>>> print(open('protein.csv').read())   # CSV, C-alpha atoms
chain,number,residue,atom,x,y,z
A,232,MET,CA,-105.0,-22.9,25.0
A,233,LEU,CA,-103.0,-23.1,28.2
A,234,ASN,CA,-100.8,-25.9,26.8
A,235,ARG,CA,-100.1,-23.8,23.7
A,236,LYS,CA,-98.9,-20.9,25.9
A,237,ILE,CA,-96.7,-23.1,27.9
A,238,PHE,CA,-95.2,-24.6,24.7
A,239,PHE,CA,-94.3,-21.2,23.3
A,240,PHE,CA,-92.9,-20.0,26.6
A,241,ALA,CA,-90.6,-23.0,26.8
A,242,LEU,CA,-89.5,-22.5,23.2
A,243,MET,CA,-88.6,-18.9,23.9
A,244,LEU,CA,-86.6,-19.9,27.0
A,245,LEU,CA,-84.6,-22.5,25.1
A,246,THR,CA,-83.9,-20.1,22.3
A,247,THR,CA,-82.7,-17.5,24.7
A,248,VAL,CA,-80.4,-20.0,26.5
A,249,HIS,CA,-79.0,-21.2,23.1
A,250,TRP,CA,-78.1,-17.7,21.9
A,251,ASP,CA,-76.6,-16.9,25.2
A,252,LYS,CA,-74.3,-19.9,24.8
A,253,ILE,CA,-73.3,-18.8,21.3
A,254,LYS,CA,-72.7,-15.3,22.5
A,255,ALA,CA,-70.5,-16.5,25.4
A,256,GLN,CA,-68.5,-18.8,23.1
A,257,THR,CA,-68.0,-16.0,20.5
A,258,LEU,CA,-66.7,-13.7,23.3
A,259,ALA,CA,-64.4,-16.4,24.6
A,260,THR,CA,-63.0,-17.1,21.1
A,261,ALA,CA,-62.5,-13.4,20.5
A,262,GLU,CA,-60.6,-13.1,23.8
A,263,LEU,CA,-58.3,-16.0,22.8
A,264,SER,CA,-57.6,-15.0,19.2
A,265,PRO,CA,-55.5,-11.9,18.5
A,266,PRO,CA,-57.0,-9.2,16.4
A,267,ALA,CA,-56.3,-9.4,12.6
A,268,ARG,CA,-53.2,-7.5,11.7
A,269,PRO,CA,-53.6,-4.7,9.2
A,270,PHE,CA,-52.1,-5.1,5.8
A,271,SER,CA,-48.5,-4.1,5.3
A,272,PHE,CA,-45.8,-4.6,2.7
A,273,PRO,CA,-42.8,-6.9,3.5
A,274,ILE,CA,-39.7,-5.3,5.0
A,275,GLN,CA,-38.5,-2.8,2.3
A,276,LEU,CA,-34.9,-4.0,2.3
A,277,GLU,CA,-33.1,-4.6,-1.1
A,278,MET,CA,-30.6,-7.4,-1.0
A,279,ARG,CA,-28.1,-8.0,-3.8
A,280,VAL,CA,-24.7,-9.6,-4.4
A,281,PRO,CA,-23.0,-7.7,-7.3
A,282,PHE,CA,-20.6,-10.6,-8.1
A,283,ALA,CA,-21.3,-14.1,-7.0
A,284,PRO,CA,-18.5,-16.0,-5.3
A,285,THR,CA,-16.7,-19.3,-6.0
A,286,ALA,CA,-15.8,-21.7,-3.2
A,287,PHE,CA,-12.2,-22.6,-2.8
A,288,ARG,CA,-10.1,-24.7,-0.5
A,289,SER,CA,-7.5,-23.5,2.0
A,290,GLY,CA,-6.2,-26.0,4.5
A,291,SER,CA,-9.0,-28.1,5.9
A,292,TYR,CA,-11.8,-25.7,5.0
A,293,ASN,CA,-13.9,-24.5,2.1
A,294,HIS,CA,-14.2,-20.7,1.8
A,295,LEU,CA,-16.6,-18.2,0.2
A,296,ILE,CA,-15.7,-14.6,0.1
A,297,TYR,CA,-18.1,-12.0,-1.3
A,298,GLU,CA,-20.1,-8.8,-0.6
A,299,LEU,CA,-23.8,-8.5,0.2
A,300,TYR,CA,-25.3,-5.1,-0.4
A,301,LEU,CA,-28.3,-4.0,1.7
A,302,THR,CA,-30.4,-0.9,1.0
A,303,ASN,CA,-33.2,0.3,3.3
A,304,PHE,CA,-35.9,1.5,0.9
A,305,SER,CA,-38.2,2.7,3.7
A,306,SER,CA,-38.1,5.9,5.8
A,307,THR,CA,-37.9,3.8,9.0
A,308,PRO,CA,-34.5,2.8,10.4
A,309,LEU,CA,-33.8,-0.9,10.4
A,310,LYS,CA,-31.5,-2.6,12.9
A,311,LEU,CA,-29.6,-5.7,11.7
A,312,HIS,CA,-29.8,-8.6,14.2
A,313,GLN,CA,-28.6,-11.7,12.3
A,314,ILE,CA,-27.7,-12.8,8.8
A,315,ALA,CA,-28.1,-16.5,8.0
A,316,LEU,CA,-26.9,-18.4,4.9
A,317,ILE,CA,-29.4,-21.1,3.9
A,318,ASP,CA,-29.9,-23.7,1.1
A,319,PRO,CA,-32.8,-22.4,-0.9
A,320,ARG,CA,-33.7,-25.9,-2.0
A,321,ALA,CA,-34.2,-27.0,1.6
A,322,SER,CA,-36.3,-24.3,3.2
A,323,LYS,CA,-36.8,-26.2,6.5
A,324,ALA,CA,-33.2,-27.1,6.9
A,325,LYS,CA,-31.1,-25.4,9.5
A,326,PRO,CA,-29.0,-22.4,8.3
A,327,ILE,CA,-25.6,-23.4,7.0
A,328,ILE,CA,-24.0,-20.5,8.8
A,329,THR,CA,-25.4,-17.7,11.0
A,330,PHE,CA,-23.7,-14.5,11.8
A,331,ASP,CA,-25.0,-13.0,15.0
A,332,THR,CA,-24.9,-9.4,16.2
A,333,ALA,CA,-21.4,-9.5,17.5
A,334,GLN,CA,-20.0,-11.3,14.4
A,335,LEU,CA,-21.7,-8.7,12.1
A,336,GLN,CA,-20.1,-5.7,13.7
A,337,PRO,CA,-16.7,-6.0,11.9
A,338,MET,CA,-18.4,-7.2,8.7
A,339,VAL,CA,-20.7,-4.2,8.1
A,340,LYS,CA,-19.6,-1.0,6.3
A,341,PRO,CA,-22.4,1.6,6.2
A,342,LEU,CA,-22.1,3.9,3.2
A,343,GLY,CA,-22.6,7.6,3.8
A,344,ALA,CA,-23.2,9.3,7.1
A,345,THR,CA,-23.9,7.0,10.0
A,346,ASP,CA,-24.2,7.1,13.7
A,347,SER,CA,-22.1,5.0,16.1
A,348,ASP,CA,-24.3,2.0,15.6
A,349,LYS,CA,-23.0,0.3,12.4
A,350,LEU,CA,-26.0,-2.2,12.4
A,351,MET,CA,-28.6,0.6,12.2
A,352,LEU,CA,-29.6,1.3,8.6
A,353,ALA,CA,-31.2,4.7,8.3
A,354,GLY,CA,-34.0,5.2,5.7
A,355,GLY,CA,-32.4,5.2,2.2
A,356,GLN,CA,-29.0,4.0,3.5
A,357,THR,CA,-26.9,1.2,2.0
A,358,ALA,CA,-24.5,-1.0,3.8
A,359,VAL,CA,-21.9,-3.5,2.5
A,360,ILE,CA,-21.7,-6.8,4.3
A,361,TYR,CA,-18.3,-8.4,3.8
A,362,ILE,CA,-19.0,-12.1,4.1
A,363,GLU,CA,-16.4,-14.9,4.5
A,364,ALA,CA,-18.2,-18.2,5.0
A,365,ILE,CA,-16.2,-21.2,6.1
A,366,THR,CA,-17.1,-24.9,6.3
A,367,ASP,CA,-15.0,-28.0,6.8
A,368,LEU,CA,-14.2,-30.2,3.8
A,369,ARG,CA,-16.8,-32.8,5.0
A,370,HIS,CA,-19.6,-30.3,4.4
A,371,PRO,CA,-19.2,-28.5,1.1
A,372,PHE,CA,-21.4,-25.6,0.2
A,373,PRO,CA,-24.6,-26.3,-1.8
A,374,GLU,CA,-24.7,-25.2,-5.4
A,375,SER,CA,-26.6,-22.1,-4.4
A,376,LEU,CA,-27.2,-20.0,-1.2
A,377,ALA,CA,-29.9,-17.6,-0.1
A,378,HIS,CA,-29.7,-15.0,2.6
A,379,ARG,CA,-32.0,-14.6,5.5
A,380,VAL,CA,-31.7,-11.1,7.0
A,381,ILE,CA,-33.2,-10.7,10.4
A,382,THR,CA,-33.8,-7.3,11.9
A,383,THR,CA,-35.1,-6.6,15.4
A,384,THR,CA,-38.7,-6.5,14.1
A,385,ASP,CA,-38.9,-8.6,10.9
A,386,SER,CA,-37.0,-10.9,8.5
A,387,LEU,CA,-36.5,-11.4,4.8
A,388,GLU,CA,-35.1,-14.1,2.6
A,389,GLY,CA,-33.6,-13.5,-0.9
A,390,ALA,CA,-30.4,-12.7,-2.9
A,391,ILE,CA,-29.9,-16.3,-4.1
A,392,ILE,CA,-26.4,-16.8,-5.5
A,393,SER,CA,-24.3,-19.5,-7.1
A,394,THR,CA,-21.4,-20.8,-5.1
A,395,HIS,CA,-19.4,-21.8,-8.2
A,396,GLN,CA,-19.6,-18.7,-10.4
A,397,SER,CA,-16.1,-18.8,-11.9
A,398,HIS,CA,-13.8,-21.5,-13.3
A,399,LEU,CA,-11.3,-22.2,-10.5
A,400,GLN,CA,-7.9,-22.4,-12.1
A,401,VAL,CA,-4.9,-24.2,-10.7
A,402,LEU,CA,-1.8,-22.1,-11.1
A,403,GLY,CA,1.9,-22.5,-10.5
A,404,PRO,CA,3.5,-20.2,-7.8
A,405,PRO,CA,4.5,-16.7,-8.9
A,406,LEU,CA,7.6,-16.9,-6.7
A,407,GLN,CA,10.2,-19.3,-5.5
A,408,GLY,CA,12.0,-20.1,-2.2
A,409,SER,CA,11.0,-19.6,1.4
A,410,SER,CA,9.9,-17.0,4.0
A,411,TRP,CA,7.1,-15.4,1.9
A,412,THR,CA,4.2,-13.8,3.7
A,413,ALA,CA,0.7,-13.4,2.1
A,414,VAL,CA,0.2,-9.8,3.3
A,415,ASP,CA,-3.5,-8.7,3.1
A,416,GLY,CA,-4.3,-12.0,1.4
A,417,PRO,CA,-7.7,-13.6,1.2
A,418,GLY,CA,-9.5,-13.0,4.5
A,419,ASN,CA,-12.1,-10.7,6.1
A,420,HIS,CA,-10.3,-8.5,8.5
A,421,GLU,CA,-11.4,-4.8,8.7
A,422,SER,CA,-7.8,-3.6,8.1
A,423,ASN,CA,-7.3,-5.6,4.9
A,424,HIS,CA,-7.2,-3.0,2.2
A,425,HIS,CA,-7.6,-5.6,-0.6
A,426,ARG,CA,-10.7,-7.1,0.9
A,427,ARG,CA,-12.3,-3.7,1.5
A,428,GLY,CA,-11.1,-2.4,-2.0
A,429,ASN,CA,-14.6,-1.7,-3.5
A,430,LEU,CA,-14.6,1.0,-6.1
A,431,ILE,CA,-17.2,2.6,-8.4
A,432,LEU,CA,-16.0,2.5,-12.0
A,433,GLY,CA,-18.3,3.0,-14.9
A,434,GLY,CA,-21.2,3.3,-12.6
A,435,LEU,CA,-20.7,-0.1,-11.1
A,436,ALA,CA,-19.4,-1.3,-7.7
A,437,ILE,CA,-16.4,-3.7,-8.3
A,438,ASN,CA,-13.5,-5.1,-6.3
A,439,SER,CA,-10.6,-6.4,-8.4
A,440,ARG,CA,-8.5,-6.8,-5.3
A,441,ARG,CA,-10.9,-9.2,-3.5
A,442,TYR,CA,-8.3,-12.1,-3.5
A,443,ALA,CA,-5.1,-10.1,-4.1
A,444,ILE,CA,-1.9,-10.8,-2.1
A,445,ASP,CA,1.0,-8.5,-1.4
A,446,TRP,CA,3.9,-10.9,-1.3
A,447,LYS,CA,6.7,-9.8,1.1
A,448,LYS,CA,9.6,-11.5,3.0
A,449,PHE,CA,10.0,-11.1,6.8
A,450,ARG,CA,12.8,-12.0,9.1
A,451,ASN,CA,12.3,-11.5,12.9
A,452,GLY,CA,9.1,-9.6,12.2
A,453,VAL,CA,10.5,-7.0,9.8
A,454,SER,CA,10.7,-6.8,6.0
A,455,PHE,CA,14.1,-5.1,5.8
A,456,ALA,CA,17.5,-4.8,7.4
A,457,GLY,CA,19.4,-1.5,7.4
A,458,ASP,CA,18.2,1.7,5.9
A,459,SER,CA,14.4,1.5,5.6
A,460,ARG,CA,14.5,4.2,2.8
A,461,ASP,CA,16.7,2.0,0.6
A,462,VAL,CA,14.9,-0.5,-1.6
A,463,HIS,CA,17.9,-2.8,-1.6
A,464,ALA,CA,17.5,-3.2,2.2
A,465,TYR,CA,14.2,-5.1,1.7
A,466,PHE,CA,14.4,-8.9,1.6
A,467,CYS,CA,12.1,-9.3,-1.3
A,468,TYR,CA,13.6,-6.6,-3.6
A,469,GLY,CA,14.9,-8.0,-6.8
A,470,GLU,CA,13.5,-11.5,-6.3
A,471,PRO,CA,12.4,-13.1,-9.6
A,472,VAL,CA,8.7,-13.6,-10.5
A,473,PHE,CA,7.4,-16.4,-12.7
A,474,ALA,CA,4.6,-17.1,-15.0
A,475,VAL,CA,1.8,-19.0,-13.2
A,476,ALA,CA,0.5,-20.5,-16.4
A,477,ASP,CA,1.0,-20.8,-20.1
A,478,GLY,CA,-0.5,-17.8,-21.8
A,479,ARG,CA,-0.2,-14.6,-23.8
A,480,ILE,CA,1.2,-11.4,-22.4
A,481,VAL,CA,-1.6,-8.9,-23.0
A,482,ASN,CA,0.1,-6.0,-21.1
A,483,ALA,CA,3.7,-5.4,-20.2
A,484,LYS,CA,4.6,-1.9,-18.9
A,485,ASP,CA,8.1,-0.8,-17.9
A,486,GLY,CA,9.9,2.4,-17.3
A,487,LEU,CA,8.5,3.7,-14.0
A,488,PRO,CA,11.1,4.3,-11.3
A,489,ASP,CA,11.2,2.7,-7.9
A,490,ASN,CA,9.9,4.8,-5.0
A,491,ILE,CA,11.9,5.6,-1.9
A,492,PRO,CA,10.1,3.4,0.7
A,493,GLY,CA,7.9,5.1,3.2
A,494,HIS,CA,4.5,4.7,4.9
A,495,GLY,CA,1.8,7.2,5.7
A,496,ALA,CA,3.0,10.8,5.5
A,497,ALA,CA,6.5,9.5,4.7
A,498,PHE,CA,5.4,8.1,1.4
A,499,HIS,CA,6.5,10.3,-1.6
A,500,PRO,CA,6.1,8.6,-5.0
A,501,ALA,CA,9.0,8.9,-7.4
A,502,VAL,CA,6.6,10.3,-10.0
A,503,PRO,CA,3.1,11.8,-9.5
A,504,LEU,CA,0.5,9.0,-9.3
A,505,THR,CA,-2.0,8.6,-12.0
A,506,PHE,CA,-4.8,6.1,-12.5
A,507,ASP,CA,-2.7,4.2,-15.1
A,508,GLY,CA,0.4,4.4,-13.0
A,509,LEU,CA,-1.0,3.0,-9.7
A,510,ALA,CA,0.2,-0.5,-10.5
A,511,GLY,CA,3.7,0.7,-11.5
A,512,ASN,CA,5.6,-1.6,-13.9
A,513,THR,CA,3.2,-4.4,-14.7
A,514,ILE,CA,2.7,-7.7,-16.5
A,515,VAL,CA,-0.7,-9.2,-17.3
A,516,ILE,CA,-1.1,-12.8,-18.6
A,517,ASP,CA,-4.3,-14.0,-20.3
A,518,LEU,CA,-5.1,-17.3,-18.5
A,519,GLY,CA,-8.1,-18.1,-20.7
A,520,ASN,CA,-11.7,-18.5,-19.6
A,521,GLY,CA,-11.9,-14.7,-19.3
A,522,GLN,CA,-9.3,-14.6,-16.4
A,523,TYR,CA,-6.1,-12.6,-16.2
A,524,ALA,CA,-3.1,-12.8,-13.9
A,525,HIS,CA,-1.7,-9.3,-12.8
A,526,TYR,CA,1.8,-8.7,-11.5
A,527,MET,CA,2.3,-5.2,-10.1
A,528,HIS,CA,5.1,-2.9,-8.7
A,529,LEU,CA,7.9,-4.6,-10.7
A,530,GLN,CA,11.5,-3.4,-10.8
A,531,PRO,CA,12.2,-1.0,-13.6
A,532,LYS,CA,14.1,-2.4,-16.6
A,533,SER,CA,13.7,-5.9,-15.3
A,534,LEU,CA,10.9,-7.2,-17.6
A,535,ARG,CA,12.1,-10.0,-19.8
A,536,ILE,CA,9.0,-10.1,-22.0
A,537,LYS,CA,6.8,-7.7,-24.0
A,538,THR,CA,3.2,-7.4,-24.9
A,539,GLY,CA,2.2,-10.1,-27.3
A,540,ASP,CA,4.8,-12.7,-26.2
A,541,TYR,CA,3.6,-16.2,-25.3
A,542,VAL,CA,5.1,-17.5,-22.0
A,543,ARG,CA,5.3,-20.9,-20.4
A,544,LYS,CA,4.4,-21.8,-16.8
A,545,GLY,CA,7.4,-21.2,-14.6
A,546,GLN,CA,9.2,-18.9,-17.0
A,547,MET,CA,10.9,-16.0,-15.3
A,548,LEU,CA,9.2,-12.7,-16.2
A,549,ALA,CA,10.8,-9.9,-14.1
A,550,ASN,CA,11.9,-8.9,-10.7
A,551,ILE,CA,10.1,-7.4,-7.6
A,552,GLY,CA,10.4,-3.6,-7.3
A,553,ALA,CA,8.7,-0.7,-5.7
A,554,SER,CA,7.1,1.2,-8.6
A,555,GLY,CA,3.7,2.8,-8.7
A,556,ASP,CA,1.6,3.0,-5.6
A,557,ALA,CA,4.0,0.9,-3.6
A,558,ARG,CA,5.1,2.0,-0.1
A,559,GLU,CA,7.8,-0.6,0.0
A,560,PRO,CA,9.0,-3.4,-2.3
A,561,HIS,CA,6.6,-6.2,-2.8
A,562,LEU,CA,4.8,-8.2,-5.5
A,563,HIS,CA,1.1,-7.5,-5.7
A,564,PHE,CA,-0.5,-10.5,-7.4
A,565,GLU,CA,-4.2,-11.0,-8.3
A,566,VAL,CA,-6.4,-12.8,-10.8
A,567,THR,CA,-9.4,-10.8,-12.2
A,568,THR,CA,-11.9,-10.9,-15.0
A,569,SER,CA,-10.3,-8.0,-17.0
A,570,ALA,CA,-6.9,-7.3,-18.5
A,571,HIS,CA,-7.3,-3.7,-17.4
A,572,LEU,CA,-6.3,-2.3,-14.0
A,573,LEU,CA,-9.0,-2.3,-11.3
A,574,VAL,CA,-12.0,-2.7,-13.7
A,575,GLY,CA,-12.3,-6.5,-13.4
A,576,GLU,CA,-13.8,-8.5,-10.5
A,577,GLY,CA,-11.3,-10.3,-8.3
A,578,ILE,CA,-11.7,-14.1,-8.5
A,579,PRO,CA,-10.1,-16.9,-6.5
A,580,TYR,CA,-7.5,-19.4,-7.9
A,581,LEU,CA,-5.5,-22.3,-6.5
A,582,ILE,CA,-1.7,-22.6,-6.2
A,583,SER,CA,-0.5,-26.1,-7.2
A,584,ARG,CA,2.0,-26.7,-4.4
A,585,TYR,CA,3.3,-24.8,-1.4
A,586,GLN,CA,4.1,-25.4,2.3
A,587,LEU,CA,3.1,-23.3,5.4
A,588,SER,CA,5.9,-22.3,7.7
A,589,SER,CA,6.5,-20.2,10.8
A,590,ALA,CA,9.5,-18.6,12.4
A,591,GLY,CA,11.8,-21.2,13.9
A,592,LYS,CA,9.8,-24.1,12.7
A,593,ARG,CA,10.1,-26.5,9.8
A,594,PRO,CA,7.5,-26.2,7.0
A,595,ASP,CA,4.5,-28.5,7.4
A,596,GLN,CA,3.1,-31.0,4.8
A,597,MET,CA,2.7,-30.0,1.2
A,598,HIS,CA,-0.5,-28.2,0.3
A,599,THR,CA,-1.8,-28.9,-3.1
A,600,ASN,CA,-4.4,-27.0,-5.1
A,601,GLU,CA,-5.2,-24.5,-2.3
A,602,LEU,CA,-5.1,-20.7,-1.9
A,603,PRO,CA,-3.1,-19.2,1.0
A,604,GLN,CA,-4.9,-17.0,3.5
A,605,ASP,CA,-4.1,-13.6,4.9
A,606,GLY,CA,-0.9,-13.5,6.9
A,607,GLU,CA,0.2,-17.1,6.2
A,608,MET,CA,3.9,-17.7,5.8
A,609,ILE,CA,4.7,-19.7,2.7
A,610,ASP,CA,7.5,-21.7,1.3
A,611,PHE,CA,7.5,-22.4,-2.5
A,612,GLU,CA,9.7,-24.9,-4.2
A,613,GLN,CA,13.1,-23.8,-5.4
A,614,ARG,CA,13.5,-24.1,-9.2
A,615,LYS,CA,16.3,-26.4,-10.1
A,616,ALA,CA,18.1,-24.2,-12.6
A,617,ALA,CA,17.9,-20.5,-13.5
A,618,HIS,CA,17.8,-21.3,-17.2
A,619,ASP,CA,15.0,-23.8,-16.8
A,620,SER,CA,11.8,-22.1,-18.1
A,621,SER,CA,9.4,-24.8,-17.0
A,622,TYR,CA,7.8,-25.0,-13.5
A,623,LYS,CA,9.0,-28.0,-11.6
>>> encode(input="protein.csv", output="structure tokens")
Amino acid sequence: MLNRKIFFFALMLLTTVHWDKIKAQTLATAELSPPARPFSFPIQLEMRVPFAPTAFRSGSYNHLIYELYLTNFSSTPLKLHQIALIDPRASKAKPIITFDTAQLQPMVKPLGATDSDKLMLAGGQTAVIYIEAITDLRHPFPESLAHRVITTTDSLEGAIISTHQSHLQVLGPPLQGSSWTAVDGPGNHESNHHRRGNLILGGLAINSRRYAIDWKKFRNGVSFAGDSRDVHAYFCYGEPVFAVADGRIVNAKDGLPDNIPGHGAAFHPAVPLTFDGLAGNTIVIDLGNGQYAHYMHLQPKSLRIKTGDYVRKGQMLANIGASGDAREPHLHFEVTTSAHLLVGEGIPYLISRYQLSSAGKRPDQMHTNELPQDGEMIDFEQRKAAHDSSYK
């Protein structure tokens, strides 16, 4: 009887020690492991690219220019910290390009009322991120890109886009001769009115001017000599413009007068501006593949063609003027997805041959099948004879 009592006492003692150990281990594990997080939805940030880009070459680099729209669908403000471009097929690979907080500052345009912090998206607010991605020619962009948006508290990946959305056409130069400057050409500066030219038309956000160039001539840093209110004082006024490709003329508009040059409050258009008259005297060439070349602000009574004509690459079309919404003489040239003013998406193209130059220096080597960038000085080849209608 005594032995049985001793046995049960020992069993109870062992059981108590065993459960004490289990309890101690459980408490230790609980102290090391964080408590389970309550359920929550992913960051409520809509990411979209209204029009996918097409990579093009300029100099020793590949470029992508497009807009990323972000909308905060929550009531809680979101602070942007970084945006990274990644290859969606290689999720563990390093980002191709990362834009940090300082780089994002000039890229972000909040829509609607905003405080002084451009990177803070209020609840319900949308911001446009103007992206220019650049890689060297040894590292071309993958066929598609995804976006990783990192806020100060969370991150999200999405908005997968193609990097070769449009057919990239090789065009002849629209001008001839030297000392041309690509004013507000392809680039990403905040002051570039073409790059930031988003409009809402037909209920959709579009930017026909995304890759537009205002071609002007400068000498000693100025575009004219003499009376700044005289169109004839401008170095580019009256210069001939040429067909960049074979194609059908789908729109040729003439008859609008030149403006008296002036900027800011000094600008007074010769006739009241209307939507249809913003481009002034214009020519539009159907390039095929759903692409159209637009020539704007042409000299009145200088058009040598009419709607419906078929032109050859290098054929003279008209002369540079200052009609429409032109503060001074220049050629506004762009390629878009529509024959109609402003309603198409601006797309990149390549110019077959040109040279870069700078004041007091000889032009550098020939650039072939590239697109000039904002502010670059360009020399085009001189055509051999005025009557020759083919590009040489």
>>> residues_around(input="protein.csv", residues="segment 316-333 of chain A", least_positions_apart="3", cutoff="8 Å", atoms="only C-alpha atoms", output="PDB file with C-alpha atoms, keeping the file's coordinate frame")
ATOM      1  CA  LEU A 311     -29.600  -5.700  11.700  1.00  0.00           C
ATOM      2  CA  HIS A 312     -29.800  -8.600  14.200  1.00  0.00           C
ATOM      3  CA  GLN A 313     -28.600 -11.700  12.300  1.00  0.00           C
ATOM      4  CA  GLN A 336     -20.100  -5.700  13.700  1.00  0.00           C
ATOM      5  CA  ALA A 364     -18.200 -18.200   5.000  1.00  0.00           C
ATOM      6  CA  PRO A 373     -24.600 -26.300  -1.800  1.00  0.00           C
ATOM      7  CA  SER A 375     -26.600 -22.100  -4.400  1.00  0.00           C
ATOM      8  CA  LEU A 376     -27.200 -20.000  -1.200  1.00  0.00           C
ATOM      9  CA  ALA A 377     -29.900 -17.600  -0.100  1.00  0.00           C
ATOM     10  CA  HIS A 378     -29.700 -15.000   2.600  1.00  0.00           C
ATOM     11  CA  ARG A 379     -32.000 -14.600   5.500  1.00  0.00           C
ATOM     12  CA  ILE A 391     -29.900 -16.300  -4.100  1.00  0.00           C
TER      13      ILE A 391
END
>>> closest_atom_pairs(input="protein.csv", of="segment 406-517 of chain A", to="segment 574-597 of chain A", cutoff="12 Å", atoms="only C-alpha atoms", output="tab-separated table")
residue	atom	partner	partner_atom	distance
A:Leu406	CA	A:Tyr585	CA	10.4
A:Gln407	CA	A:Tyr585	CA	9.7
A:Gly408	CA	A:Tyr585	CA	9.9
A:Ser409	CA	A:Ser588	CA	8.5
A:Ser410	CA	A:Ser588	CA	7.6
A:Trp411	CA	A:Ser588	CA	9.1
A:Thr412	CA	A:Ser588	CA	9.5
A:Ala413	CA	A:Leu587	CA	10.7
A:Gly416	CA	A:Pro579	CA	11.0
A:Pro417	CA	A:Pro579	CA	8.7
A:Gly418	CA	A:Pro579	CA	11.7
A:His425	CA	A:Gly577	CA	9.8
A:Arg426	CA	A:Gly577	CA	9.8
A:Arg427	CA	A:Gly577	CA	11.9
A:Gly428	CA	A:Gly577	CA	10.1
A:Asn429	CA	A:Glu576	CA	9.8
A:Leu430	CA	A:Val574	CA	8.8
A:Ile431	CA	A:Val574	CA	9.1
A:Leu432	CA	A:Val574	CA	6.8
A:Gly433	CA	A:Val574	CA	8.6
A:Gly434	CA	A:Val574	CA	11.0
A:Leu435	CA	A:Val574	CA	9.4
A:Ala436	CA	A:Glu576	CA	9.5
A:Ile437	CA	A:Glu576	CA	5.9
A:Asn438	CA	A:Glu576	CA	5.4
A:Ser439	CA	A:Gly577	CA	4.0
A:Arg440	CA	A:Gly577	CA	5.4
A:Arg441	CA	A:Gly577	CA	4.9
A:Tyr442	CA	A:Pro579	CA	5.9
A:Ala443	CA	A:Gly577	CA	7.5
A:Ile444	CA	A:Pro579	CA	11.1
A:Lys448	CA	A:Ala590	CA	11.8
A:Phe449	CA	A:Ala590	CA	9.4
A:Arg450	CA	A:Ala590	CA	8.1
A:Asn451	CA	A:Ala590	CA	7.6
A:Gly452	CA	A:Ala590	CA	9.0
A:Val453	CA	A:Ala590	CA	11.9
A:Val475	CA	A:Ile582	CA	8.6
A:Ala476	CA	A:Ile582	CA	10.6
A:Phe506	CA	A:Val574	CA	11.4
A:Asp507	CA	A:Val574	CA	11.7
>>> closest_residue(input="protein.csv", among="A:Ala483, A:Leu562, A:Leu572, A:Ile609", to="Arg535 of chain A", atoms="all atoms listed in the file")
A:Ala483
>>> atom_distance(input="protein.csv", atom1="atom CA of Met338 of chain A", atom2="atom CA of Asp445 of chain A")
21.9 Å
>>> residues_around(input="protein.csv", residues="segment 508-524 of chain A", least_positions_apart="2", cutoff="9 Å", atoms="only C-alpha atoms", output="compact mmCIF listing (two decimals) with C-alpha atoms, in the frame of the given file")
# COMPACT_ATOMS: atom_id res chain seq x y z
CA SER A 397 -16.10 -18.80 -11.90
CA HIS A 398 -13.80 -21.50 -13.30
CA GLN A 400 -7.90 -22.40 -12.10
CA ALA A 474 4.60 -17.10 -15.00
CA VAL A 475 1.80 -19.00 -13.20
CA ALA A 476 0.50 -20.50 -16.40
CA ASP A 477 1.00 -20.80 -20.10
CA GLY A 478 -0.50 -17.80 -21.80
CA ARG A 479 -0.20 -14.60 -23.80
CA ILE A 480 1.20 -11.40 -22.40
CA VAL A 481 -1.60 -8.90 -23.00
CA ASN A 482 0.10 -6.00 -21.10
CA ALA A 483 3.70 -5.40 -20.20
CA LYS A 484 4.60 -1.90 -18.90
CA ASP A 485 8.10 -0.80 -17.90
CA GLY A 486 9.90 2.40 -17.30
CA LEU A 487 8.50 3.70 -14.00
CA PRO A 488 11.10 4.30 -11.30
CA ASP A 489 11.20 2.70 -7.90
CA PRO A 503 3.10 11.80 -9.50
CA LEU A 504 0.50 9.00 -9.30
CA THR A 505 -2.00 8.60 -12.00
CA PHE A 506 -4.80 6.10 -12.50
CA TYR A 526 1.80 -8.70 -11.50
CA MET A 527 2.30 -5.20 -10.10
CA HIS A 528 5.10 -2.90 -8.70
CA LEU A 529 7.90 -4.60 -10.70
CA GLN A 530 11.50 -3.40 -10.80
CA PRO A 531 12.20 -1.00 -13.60
CA LYS A 532 14.10 -2.40 -16.60
CA LEU A 534 10.90 -7.20 -17.60
CA ILE A 536 9.00 -10.10 -22.00
CA LYS A 537 6.80 -7.70 -24.00
CA THR A 538 3.20 -7.40 -24.90
CA TYR A 541 3.60 -16.20 -25.30
CA VAL A 542 5.10 -17.50 -22.00
CA LEU A 548 9.20 -12.70 -16.20
CA ALA A 549 10.80 -9.90 -14.10
CA GLY A 552 10.40 -3.60 -7.30
CA ALA A 553 8.70 -0.70 -5.70
CA SER A 554 7.10 1.20 -8.60
CA GLY A 555 3.70 2.80 -8.70
CA ASP A 556 1.60 3.00 -5.60
CA ALA A 557 4.00 0.90 -3.60
CA HIS A 563 1.10 -7.50 -5.70
CA PHE A 564 -0.50 -10.50 -7.40
CA GLU A 565 -4.20 -11.00 -8.30
CA VAL A 566 -6.40 -12.80 -10.80
CA THR A 567 -9.40 -10.80 -12.20
CA THR A 568 -11.90 -10.90 -15.00
CA SER A 569 -10.30 -8.00 -17.00
CA ALA A 570 -6.90 -7.30 -18.50
CA HIS A 571 -7.30 -3.70 -17.40
CA LEU A 572 -6.30 -2.30 -14.00
CA ILE A 578 -11.70 -14.10 -8.50
>>> closest_residue(input="protein.csv", among="A:Met608, A:Leu602, A:Ala286, A:Val472", to="Pro371 of chain A", atoms="all atoms listed in the file")
A:Ala286
>>> atom_distance(input="protein.csv", atom1="atom CA of Gly290 of chain A", atom2="atom CA of His598 of chain A")
7.4 Å
